[in-house]
Each structure stands twice: as structure tokens, then as C-alpha cells.
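Asker: I'd like to ask you about the structure that follows.
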Amino acid sequence: MKSLRNYLDKIKPRFQKGGKFEKLQSTFEAFETFLFVPNRVTTQGSHIRDALDMKRTMSTVIVALIPALLFGMWNTGYQYYLSRGIEAGFWATFWFGFLKVLPIIVVSYVVGLAIEFVFAQIRGHEVNEGFLVTGLLIPMIMPVNIPLWMVAVATAFAVIIAKEAFGGTGMNVFNPALVARAFIFFAYPAQITGEKAWVAGLNRHAAIEGSSGATPLSQAASFSLDKIPSLNDLFYGLIPGSIGETSKLAILIGAAILIITGIGSWKIMLSALIGGLGIGFLF
């Protein structure tokens, strides 16, 4: 890493003001600060020096998302093989889900980061770190059968309208990932509703008799109470749904990581849970 640090220091003047590539300064800083803690320090006043900057904070959030993401990949394969009546091993199940989910993640990051870099160059500021998390959240709250071009359009809409239009990270009043989900819901409702949206391949292949891609919430809404999965399946996440939302256990593990590292507040999490339950009971 020291040799890489020395190399970056060597070429850094080319990207600073007056350098050959000064217009790409924000792009260079984005890669530099992603790899290393910034070496800029304040010269006045008393400050606490800490190695945890915004990018490291966002990286911790990504680590907290990994349990739900990995389970979502496995569950994608599990739901597919279950709908086809095929028994598959753990790795075959996970590999199927991995191949289904990975393109969605790639499209989200490529489109979102490209827009972030363009806006950073136009405005002449650093690349914001917020999309490191948003780029992973967007795929995790999407159904696995979502077309990739819809993911691209929804991501672009979310970044431009819900984030950059307000001034970038910290200035937006809406969560970009949820705006992407809302955009898909209202612009392409057929792709995010119904039984066939939540199980890979169910919109192209016939499922075995008795198999359904309906989520527990839709089953409850249709009064099919006898078809609602068991509490164990609901808790562990062995149900159809968005890629990263089914496993409560994986989500709790992620929450624990955020609380232990001090990145997240249990008070805010509990308040959101109570608020959601309250609204659910009222309406």
C-alpha cells in the first residue's frame, strides 16, 4: 500500500489546479480518499483526529448490509428451485441467486456513480460518498425479476431528481433508494406487483401446482390466511419478496453492526419500527 500511496502522491499535482488534468480533480480525489484517509488537517482551533471519515462510515453501512444481501442471493435461488419443485444444494442455490442479483447491483452502481461523477465535474466539488450505500440499497429493495433497464432508469431518476436537484449528499429531503422504488411502483406497476414479480423465472416458466410467488402481505390482503408462511419462515426470510428485505434475522445482524460500531442509533431504529407498526394498525 505504501508504493500505491507514493504513486498517488507523485501524480497528484497533475490533477490539482494548474495541472494537466485539473478538470478531473474531483475524480482523482474520489479514488484517493476511497483508498486512503485524507491527509488534510485543520490549522486552527482544537479538533479530534479520527481515522473514520465519511467514506469509512459508508463502508461500515455496506458491511452491515452484507448479511441481508447474501441471504437475499441465496433466497432468490431457493424460491426459484422451490417453485420448480427441484431440490438443489446450498452452493447451487446461492450461485443461481448470485448470478441473478449481481447484474442489478452492477447496473445500479454504474449508472448512479456515472451521474455522481458528472455532477461533481460540472460543479467542481468532490464526489459525494452517499451513493456507496444507495447503490446497494436500490437493488436490495427491488424484485429479482426487474428488467435491468428499469433499474437504470429508476437509479438515474433517483440520483438526479431526489438527490442532485437538492444539492447532493446531505441536502436531499428524500431517500434516493426509496425514491427509486417509488418510481418503479408508479411508472411500471406491473413489474413490482403481483405474484410473478418476486420469484426468479416465474414470469417465464410455469411453477409446480400449489406453488405461489405471492408475498405474505398480499396473501393476508386477499384473506388467504391459510397460505401465510410460518413465523419461522417469516423471521428467517424463506419467503418471496424484494432481494434484501425478507430475512429479519439478517437485518437484525446488520442493525447490531451499526449499533455496536456507533454508526446507527437504536433509538432511531426503534422509533421507525414503532411508527411503522402504529401506522399499520391505524390504516
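Letters for chains follow the order of the C-alpha cells (A, B, ...), residue numbers begin at 1 for each chain, and ligand numbers begin at 1 in the order shown.
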Contacts of Leu102 of chain A at 12 Å or less, counting only C-alpha atoms, minus same-chain residues fewer than 4 places along, as a list in words?
Answerer: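 Once the nearby chain positions are removed, what remains is Leu69, Leu70, Gly72, Met73, Thr76, Phe94, Trp95, Phe96, Gly97, Phe98, Val106, Val107, Ser108, Tyr109, Leu136, Pro139, Met140, Val144, Leu148 and Ile243 of chain A.
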Asker: Near Ile253 of chain A, counting only C-alpha atoms, which residues have an atom at most 9 Å away, once you skip same-chain residues fewer than 6 positions from it, shown as a list of chain:residue names?
Answerer: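 Near Ile253 of chain A, the qualifying residues are A:Ala64, A:Leu65, A:Pro67, A:Ala68.
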Asker: Choose the residue, out of A:Ala114, A:Trp198, A:Phe185, A:Glu87, that has the smallest atom-to-atom separation from Val159 of chain A; count only C-alpha atoms.
Answerer: A:Ala114
Asker: Pick out the residues sitting within 12 Å of Val63 of chain A, and hand them over as a VMD selection string; count only C-alpha atoms, and ignore anything fewer than 5 positions along from it in its own chain.
Answerer: chain A and resid 56 to 58 68 to 70 132 to 133 136 250 to 251 253 to 258 261 263
Asker: Keeping only N, CA and C atoms, write those residues as a compact mmCIF listing (two decimals), in the first residue's frame.
Answerer:
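The file below, out_5.txt, is the result:
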# COMPACT_ATOMS: atom_id res chain seq x y z
N ARG A 56 -15.44 5.92 5.21
CA ARG A 56 -15.34 4.77 6.11
C ARG A 56 -16.67 4.51 6.81
N THR A 57 -17.39 5.58 7.10
CA THR A 57 -18.72 5.42 7.70
C THR A 57 -19.64 4.69 6.74
N MET A 58 -19.63 5.12 5.48
CA MET A 58 -20.46 4.47 4.48
C MET A 58 -20.03 3.03 4.25
N ALA A 68 -27.88 -9.30 4.82
CA ALA A 68 -29.17 -9.32 4.12
C ALA A 68 -28.97 -9.56 2.63
N LEU A 69 -27.90 -9.01 2.07
CA LEU A 69 -27.64 -9.20 0.64
C LEU A 69 -27.30 -10.65 0.33
N LEU A 70 -26.41 -11.24 1.12
CA LEU A 70 -26.02 -12.63 0.87
C LEU A 70 -27.20 -13.58 1.04
N LEU A 132 -22.36 5.20 -2.29
CA LEU A 132 -21.78 3.91 -1.95
C LEU A 132 -22.82 3.01 -1.29
N VAL A 133 -23.68 3.62 -0.48
CA VAL A 133 -24.75 2.88 0.19
C VAL A 133 -25.99 2.80 -0.69
N LEU A 136 -26.24 0.13 -3.35
CA LEU A 136 -26.52 -1.24 -2.90
C LEU A 136 -27.95 -1.37 -2.39
N ALA A 250 -31.20 -11.47 9.25
CA ALA A 250 -30.07 -10.80 8.59
C ALA A 250 -30.13 -9.29 8.80
N ILE A 251 -31.33 -8.74 8.78
CA ILE A 251 -31.50 -7.31 9.00
C ILE A 251 -31.12 -6.94 10.44
N ILE A 253 -28.96 -8.53 12.27
CA ILE A 253 -27.49 -8.61 12.35
C ILE A 253 -26.87 -7.32 11.83
N GLY A 254 -27.40 -6.82 10.72
CA GLY A 254 -26.92 -5.54 10.19
C GLY A 254 -27.16 -4.40 11.15
N ALA A 255 -28.32 -4.40 11.80
CA ALA A 255 -28.62 -3.35 12.78
C ALA A 255 -27.65 -3.42 13.96
N ALA A 256 -27.34 -4.64 14.39
CA ALA A 256 -26.40 -4.82 15.50
C ALA A 256 -25.02 -4.27 15.14
N ILE A 257 -24.59 -4.50 13.90
CA ILE A 257 -23.30 -3.98 13.45
C ILE A 257 -23.28 -2.46 13.52
N LEU A 258 -24.35 -1.84 13.07
CA LEU A 258 -24.42 -0.38 13.08
C LEU A 258 -24.44 0.17 14.50
N THR A 261 -20.89 -0.40 16.26
CA THR A 261 -19.86 0.50 15.73
C THR A 261 -20.18 1.97 15.98
N ILE A 263 -22.36 3.71 14.41
CA ILE A 263 -22.81 4.38 13.19
C ILE A 263 -24.32 4.63 13.24
Asker: When you count only C-alpha atoms, which of these residues is closest to Ala154 of chain A: A:Tyr188, A:Phe235, A:Phe174, A:Phe166?
Answerer: A:Tyr188
Asker: Quick one: residues within 10 Å of Leu178 of chain A, only C-alpha atoms, excluding same-chain residues fewer than 6 positions away - as an NGL selection string?
Answerer: :A and (134 or 137-138 or 141 or 158 or 162 or 184)
Asker: Write the residues of the preceding selection, restricted to C-alpha atoms, as a PDB file, in the first residue's frame.
Answerer:
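What follows is the written file selection_3.pdb:
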ATOM      1  CA  THR A 134     -27.568   3.958  -2.122  1.00  0.00           C
ATOM      2  CA  LEU A 137     -29.835  -0.335  -1.296  1.00  0.00           C
ATOM      3  CA  ILE A 138     -31.572   0.141  -4.645  1.00  0.00           C
ATOM      4  CA  ILE A 141     -35.376  -3.290  -2.378  1.00  0.00           C
ATOM      5  CA  ALA A 158     -33.434   8.893  -8.003  1.00  0.00           C
ATOM      6  CA  ALA A 162     -34.136  13.095  -5.401  1.00  0.00           C
ATOM      7  CA  ILE A 184     -40.754   1.843 -10.340  1.00  0.00           C
TER       8      ILE A 184
END
Asker: Quote the spacing between atom CA of Phe71 of chain A and atom CA of Ser230 of chain A in Å to one decimal place.
Answerer: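 Rounded to one decimal, the two atoms are 18.2 Å apart.
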Asker: Neighbouring residues of Gln191 of chain A were defined as those with any atom within 9 Å, considering only C-alpha atoms; residues of the same chain fewer than 4 positions away were excluded. Please report them as a PyMOL selection string.
Answerer: chain A and resi 143+145-147+184-185+196-197
